[in-house]
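Everything below concerns the one structure shown next.
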Amino acid sequence: MNVHGNLLEPNPTLLPEQPEAEAALATANDPATVAAAHPDFSAAWAALAERALDEGDAVAGYAFARTGYHRGLDQLRRTGWKGHGPVPWSHSPNRGFLRALAALARAAAEIGEDPEARRCRDFLDECDPVAAEALGLD
């Protein structure tokens, strides 16, 4: 029985640490090398998406963000997430998924997929409203 958490919602989902992938991304000149070596590491895909979007390539940004988002969903499900509940920004391994989700919202908006952009943004806020603020979205 969970006596300390919010009994009206599930416990927060915390993705596992990936120290080798995290170290590789911290020292990589190109996040593509990290994504190739660690294809399940959402943070590498998020970095690729953010770079593509910053360079004005919304289609590549969308593709990279969607990959990072789906790889993160796979990990969330393996960790016990049931499609809802908090995915806290404060837990650093969750940040790759949350960054990919934010990049997907941005890319969808840039290619005119406004309903998807809104869904992704709403989902980001449902996961953790702090994430949007931390990413400078508001």
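Please note that chains go A, B, ... in the order of the structure tokens, that every chain numbers its residues from 1, and that ligands are numbered from 1 in the order shown.
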
Nearby residues (only C-alpha atoms) at most 10 Å from region 74-87 of chain A, same-chain spacing under 5 positions excluded, as a list in words: Glu9, Pro10, Asn11, Pro12, Thr13, Leu14, Leu15, Pro16, Asp40, Phe41, Ser42, Gly68, Tyr69, Asn94, Arg95, Phe97, Leu98, Phe123, Leu124, Asp125, Glu126, Cys127, Asp128, Pro129 and Ala131 of chain A

Sel. of helix (DSSP H, G or I) residues, region 51-136 of chain A, as number ranges by chain: A: 51-54, 58-78, 92-110, 114-127, 129-134

Export, as a PDB file, in the first residue's frame, the selected residues with C-alpha atoms.
```
ATOM      1  CA  ARG A  51      19.681  20.531 -33.649  1.00  0.00           C
ATOM      2  CA  ALA A  52      17.655  19.914 -36.815  1.00  0.00           C
ATOM      3  CA  LEU A  53      14.896  22.243 -35.647  1.00  0.00           C
ATOM      4  CA  ASP A  54      17.397  24.946 -34.693  1.00  0.00           C
ATOM      5  CA  ALA A  58      11.501  20.684 -39.415  1.00  0.00           C
ATOM      6  CA  VAL A  59      11.062  17.402 -41.299  1.00  0.00           C
ATOM      7  CA  ALA A  60      14.299  15.896 -39.977  1.00  0.00           C
ATOM      8  CA  GLY A  61      13.526  17.337 -36.549  1.00  0.00           C
ATOM      9  CA  TYR A  62      10.125  15.673 -36.648  1.00  0.00           C
ATOM     10  CA  ALA A  63      11.628  12.307 -37.620  1.00  0.00           C
ATOM     11  CA  PHE A  64      14.319  12.437 -34.931  1.00  0.00           C
ATOM     12  CA  ALA A  65      11.845  13.605 -32.274  1.00  0.00           C
ATOM     13  CA  ARG A  66       9.325  10.903 -33.158  1.00  0.00           C
ATOM     14  CA  THR A  67      12.053   8.250 -32.893  1.00  0.00           C
ATOM     15  CA  GLY A  68      13.152   9.502 -29.477  1.00  0.00           C
ATOM     16  CA  TYR A  69       9.552   9.747 -28.325  1.00  0.00           C
ATOM     17  CA  HIS A  70       8.726   6.170 -29.354  1.00  0.00           C
ATOM     18  CA  ARG A  71      11.936   4.741 -27.909  1.00  0.00           C
ATOM     19  CA  GLY A  72      11.051   6.516 -24.648  1.00  0.00           C
ATOM     20  CA  LEU A  73       7.488   5.164 -24.698  1.00  0.00           C
ATOM     21  CA  ASP A  74       8.905   1.655 -25.058  1.00  0.00           C
ATOM     22  CA  GLN A  75      11.115   2.190 -22.007  1.00  0.00           C
ATOM     23  CA  LEU A  76       8.286   3.754 -19.987  1.00  0.00           C
ATOM     24  CA  ARG A  77       6.078   0.743 -20.677  1.00  0.00           C
ATOM     25  CA  ARG A  78       8.855  -1.673 -19.708  1.00  0.00           C
ATOM     26  CA  SER A  92      17.390  12.984 -15.090  1.00  0.00           C
ATOM     27  CA  PRO A  93      16.902   9.743 -17.116  1.00  0.00           C
ATOM     28  CA  ASN A  94      13.343  10.918 -17.917  1.00  0.00           C
ATOM     29  CA  ARG A  95      14.621  14.095 -19.557  1.00  0.00           C
ATOM     30  CA  GLY A  96      15.533  12.512 -22.903  1.00  0.00           C
ATOM     31  CA  PHE A  97      11.956  11.306 -23.378  1.00  0.00           C
ATOM     32  CA  LEU A  98      10.508  14.638 -22.235  1.00  0.00           C
ATOM     33  CA  ARG A  99      12.872  16.592 -24.526  1.00  0.00           C
ATOM     34  CA  ALA A 100      11.915  14.359 -27.464  1.00  0.00           C
ATOM     35  CA  LEU A 101       8.238  14.925 -26.693  1.00  0.00           C
ATOM     36  CA  ALA A 102       8.769  18.699 -26.554  1.00  0.00           C
ATOM     37  CA  ALA A 103      10.733  18.597 -29.817  1.00  0.00           C
ATOM     38  CA  LEU A 104       7.945  16.564 -31.409  1.00  0.00           C
ATOM     39  CA  ALA A 105       5.431  19.231 -30.373  1.00  0.00           C
ATOM     40  CA  ARG A 106       7.645  21.938 -31.857  1.00  0.00           C
ATOM     41  CA  ALA A 107       8.304  20.036 -35.086  1.00  0.00           C
ATOM     42  CA  ALA A 108       4.633  19.159 -35.534  1.00  0.00           C
ATOM     43  CA  ALA A 109       3.732  22.836 -35.183  1.00  0.00           C
ATOM     44  CA  GLU A 110       6.414  23.808 -37.699  1.00  0.00           C
ATOM     45  CA  ASP A 114      -1.364  21.650 -35.131  1.00  0.00           C
ATOM     46  CA  PRO A 115      -3.581  18.954 -33.525  1.00  0.00           C
ATOM     47  CA  GLU A 116      -0.525  16.737 -32.968  1.00  0.00           C
ATOM     48  CA  ALA A 117       1.470  19.675 -31.649  1.00  0.00           C
ATOM     49  CA  ARG A 118      -1.297  20.401 -29.120  1.00  0.00           C
ATOM     50  CA  ARG A 119      -1.581  16.721 -28.088  1.00  0.00           C
ATOM     51  CA  CYS A 120       2.174  16.490 -27.563  1.00  0.00           C
ATOM     52  CA  ARG A 121       2.249  19.701 -25.562  1.00  0.00           C
ATOM     53  CA  ASP A 122      -0.689  18.552 -23.425  1.00  0.00           C
ATOM     54  CA  PHE A 123       1.039  15.207 -22.875  1.00  0.00           C
ATOM     55  CA  LEU A 124       4.234  16.991 -21.828  1.00  0.00           C
ATOM     56  CA  ASP A 125       2.260  18.991 -19.276  1.00  0.00           C
ATOM     57  CA  GLU A 126       0.548  15.809 -18.030  1.00  0.00           C
ATOM     58  CA  CYS A 127       3.925  14.106 -17.583  1.00  0.00           C
ATOM     59  CA  PRO A 129       4.370  20.711 -15.966  1.00  0.00           C
ATOM     60  CA  VAL A 130       7.879  21.620 -14.794  1.00  0.00           C
ATOM     61  CA  ALA A 131       9.338  20.169 -18.033  1.00  0.00           C
ATOM     62  CA  ALA A 132       7.941  22.921 -20.270  1.00  0.00           C
ATOM     63  CA  GLU A 133       9.333  25.599 -17.990  1.00  0.00           C
ATOM     64  CA  ALA A 134      12.709  23.862 -17.762  1.00  0.00           C
TER      65      ALA A 134
END
```

Would you list the contacts of region 27-29 of chain A as a list in words, taking every protein, DNA or RNA residue within 12 Å and counting only C-alpha atoms, but skipping same-chain residues closer than 6 positions in sequence?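 Here the qualifying residues turn out to be Glu20, Ala21, Ala35, Ala36, Ala37, Ala44, Ala47 and Leu48 of chain A.
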
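Between CA of Trp45 (chain A) and CA of Pro31 (chain A) lies a distance of 7.5 Å.
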